[in-house]
Structure formats: structure tokens, C-alpha cells
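Chemist: So that we are looking at the same thing, I have put the structure below in C-alpha cells.
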Amino acid sequence: AEVSMLADPFFRLDNCRHMEISGFLFQACRGKACVVTGGAQNVIAGSVFRNIGNEAVVFEQCYQNGIKSCNLYNLAGTAIKLHGGGRPSLKPGNLYAINNHIHHYDRVFYTYQAAIDIDGVENHAAHNLMHDAPHMAILFRGNEHLLEYNEVHTIAEKTGDVGAFYIGRDWTCRGNEIRYNYFHHMHGPGLHGVNAVYLDDFASGTLVYGNLFYKVDRGAFIGGGRDNI
């Protein structure tokens, strides 16, 4: 048994540029594992995050930073947060999560703690494998995000009326694309089950194409909004 007293992050990068964190094993902390605030061109790569007591990797108020080729599992909540870009000006964040394996997350916080949480403008999630969770895989808000070539299965194990990829409640969240993703073996409990792509409560301007839905409760659901294709 391990009991961690570390409430602070293992790594914190504030307004750094051109930093690379690679080849680490981050294990057993009470708080967040890595936090990147401000700065640009920083990358976390080839590392393992496990037994984390809060969010594993957080990028916020920064640009052109990302995480790639990491394994993240046995997490209390969200695995990766990509919060970057300015919505009033539509300034791109260009944050990215690519080629990561994320599973057995949300072990403490069961709802709205996604494998990847995206906010802002023009951020990118691609080639990620996400599975075994009580709620959703990707929660996204904002504009012009690209979600492509991801694989999702065995989510929504404890919750119904769920979206594997979920956006909602804002007419101005436009210009997002969901393409070439593989959704399979997802069956949420309750009356409404799980929607692989869930454009909820007036989410608008989202383009969904080229995806594969196999053995899921529902492929795509548009809950209002406008200009969804």
C-alpha cells in the first residue's frame, strides 16, 4: 500500500518555452501530476501516469503545447486537459493530445471528468485509445477543434444519457469536426444509454463524418442547435 502526501504537482511549467518532459513514470500523488501554464512549444512525451489523485496532465492559458505517446491509467479524474486559445478573437490554441492510451480513469469523480477535456479554439485530439470509464471519453467546448482517428470503447459503465464525445449548451461553439474515429462496444445503463457523438442542448456548427460506429447504443444524436451535419 502507498499513501501519498504530495498535494502539489510533480512538474509545473510556468511561461516556459521549448521544454520536453519524456521518459518519466509519474505515480502516486494526491494532486495533479503535471501542469503547464502559459508558454509555448512544450511537450510531454513517452511517459506513464498512474495512480494519480486528481487530473493527470493540464495545459491551460497556453499555445502550441501538447502530450504524445503516453500511457495514463488508474486516475481519479480527467487524464488530459487542453485549455488554450482565445474565443473572443478566435485565436488558435494549437494544443494537442496524440497517440495516448488512456484507461481506467474517473475512479473517484464519476461524471464529467473525461479522458480528454478540450476548451478554447483550434485544439487537436488524434490517434488516442480510450476505454474503461464510468462516463465520457472526450468533453469539448469552444471552436474549431479537430477530433480524429481516435478509438473509444467500454465507457459509460456507470452512467446513462452519455456521449462518448460530448458538447452542449452553447450556440456559439461552432466549427468543430469529428472525423474518422472508431466507436465500439458502448452500452450505457438506463433509458437513454450512450451516444457515440452527442451534440446536446443547442450545440451548433459541428461536422461529423467518416466515423465507424459498431455495437453502440446510438451512433450520433443531435439535441437541437443549428448547422450540424
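Chain identifiers are assigned as A, B, and so on, following the order in which chains appear in the C-alpha cells; residues are numbered from 1 within each chain, and ligands are numbered from 1 in order of appearance.
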Can you pull out the residues contacting Thr154 of chain A? Cut-off 9 Å, using only C-alpha atoms, and skip same-chain residues under 2 positions away; I want them as a list in words.
Modeler: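 Those residues are Met130, His131, Asp132, Ala133, Pro134, Val152, Ala156, Glu157, His184, His185, Met186, His187 and Gly188 of chain A.
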Chemist: For Phe10 of chain A, work out the shell of residues within 9 Å, counting only C-alpha atoms and skipping chain neighbours fewer than 3 positions away, then give it as a ChimeraX atom specification.
Modeler: /A:6,26,29,31-35
Chemist: Which is closer to Asp217 of chain A than all the others in A:Ala203, A:Lys91, A:Asn100, A:Ala196, using only C-alpha atoms?
Modeler: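 Closest to Asp217 of chain A, using only C-alpha atoms: A:Ala196.
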Chemist: Identify which of the residues A:Gly163, A:Gly175, A:Gly210, A:Gly84 lies closest to His192 of chain A, counting only C-alpha atoms when measuring atom-to-atom distances.
Modeler: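 Of A:Gly163, A:Gly175, A:Gly210, A:Gly84, the one nearest His192 of chain A, counting only C-alpha atoms, is A:Gly163.
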Chemist: Near Asn181 of chain A, counting only C-alpha atoms, which residues have an atom at most 7 Å away, once you skip same-chain residues fewer than 4 positions from it, shown as an NGL selection string?
Modeler: :A and (148-151 or 211-212)
Chemist: Okay, now the selection with C-alpha atoms, as an mmCIF file, in the first residue's frame?
Modeler:
```
data_model
loop_
_atom_site.group_PDB
_atom_site.id
_atom_site.type_symbol
_atom_site.label_atom_id
_atom_site.label_comp_id
_atom_site.auth_asym_id
_atom_site.auth_seq_id
_atom_site.Cartn_x
_atom_site.Cartn_y
_atom_site.Cartn_z
ATOM 1 C CA GLU A 148 -9.877 12.425 -35.488
ATOM 2 C CA TYR A 149 -8.592 8.834 -35.694
ATOM 3 C CA ASN A 150 -9.407 8.067 -32.057
ATOM 4 C CA GLU A 151 -10.710 4.735 -30.769
ATOM 5 C CA ASN A 211 -16.677 7.673 -38.332
ATOM 6 C CA LEU A 212 -17.291 3.983 -37.638
#
```
Chemist: Just list the residues in segment 43-176 of chain A DSSP gives strand (DSSP E or B) on the backbone, as a VMD selection string.
Modeler: chain A and resid 43 to 45 48 to 52 57 to 60 63 66 to 68 71 to 75 80 to 84 86 91 96 to 98 101 to 103 116 to 121 124 to 126 129 to 131 138 to 140 143 146 to 148 151 to 153 162 to 168 176
Chemist: So, with only C-alpha atoms as the atoms that count, which of A:Val194, A:Ala40, A:Ile102, A:Ala137 lies closest to Tyr63 of chain A?
Modeler: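 Once distances to Tyr63 of chain A are computed over only C-alpha atoms, the minimum belongs to A:Ala40.
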Chemist: Find, counting only C-alpha atoms, the residue in A:Lys81, A:Arg141, A:His127, A:Arg17 that gets nearest to Ala115 of chain A.
Modeler: A:Lys81
Chemist: Rank A:Asp201, A:Tyr209, A:Asp106, A:Gly142 by their smallest atom-to-atom distance to Lys158 of chain A, using only C-alpha atoms, and report the top residue only.
Modeler: A:Asp106
Chemist: Identify which of the residues A:Gly223, A:Gly23, A:Gly193, A:Gly85 lies closest to Gly38 of chain A, counting only C-alpha atoms when measuring atom-to-atom distances.
Modeler: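 The closest residue to Gly38 of chain A is A:Gly85.
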Chemist: Report the distance between atom CA of Ile116 of chain A and atom CA of Asn99 of chain A in Å, rounded to one decimal place.
Modeler: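 Result for atom CA of Ile116 of chain A versus atom CA of Asn99 of chain A: 12.2 Å, one decimal.
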Chemist: Would you pick out the contacts of Asn42 of chain A at 9 Å or less, using only C-alpha atoms, so that residues sharing its chain but fewer than 5 positions from it are not included, and give the list as a ChimeraX atom specification?
Modeler: /A:13,16-21,36,63-67
Chemist: Write out as a list in words each polymer residue whose atoms come within 6 Å of segment 47-51 of chain A, counting only C-alpha atoms; drop sequence neighbours fewer than 5 positions from it.
Modeler: Ser22, Gly23, Phe24, Leu25, Phe26, Gln27, Ala28, Cys70, Asn71, Leu72, Tyr73, Asn74 and Leu75 of chain A
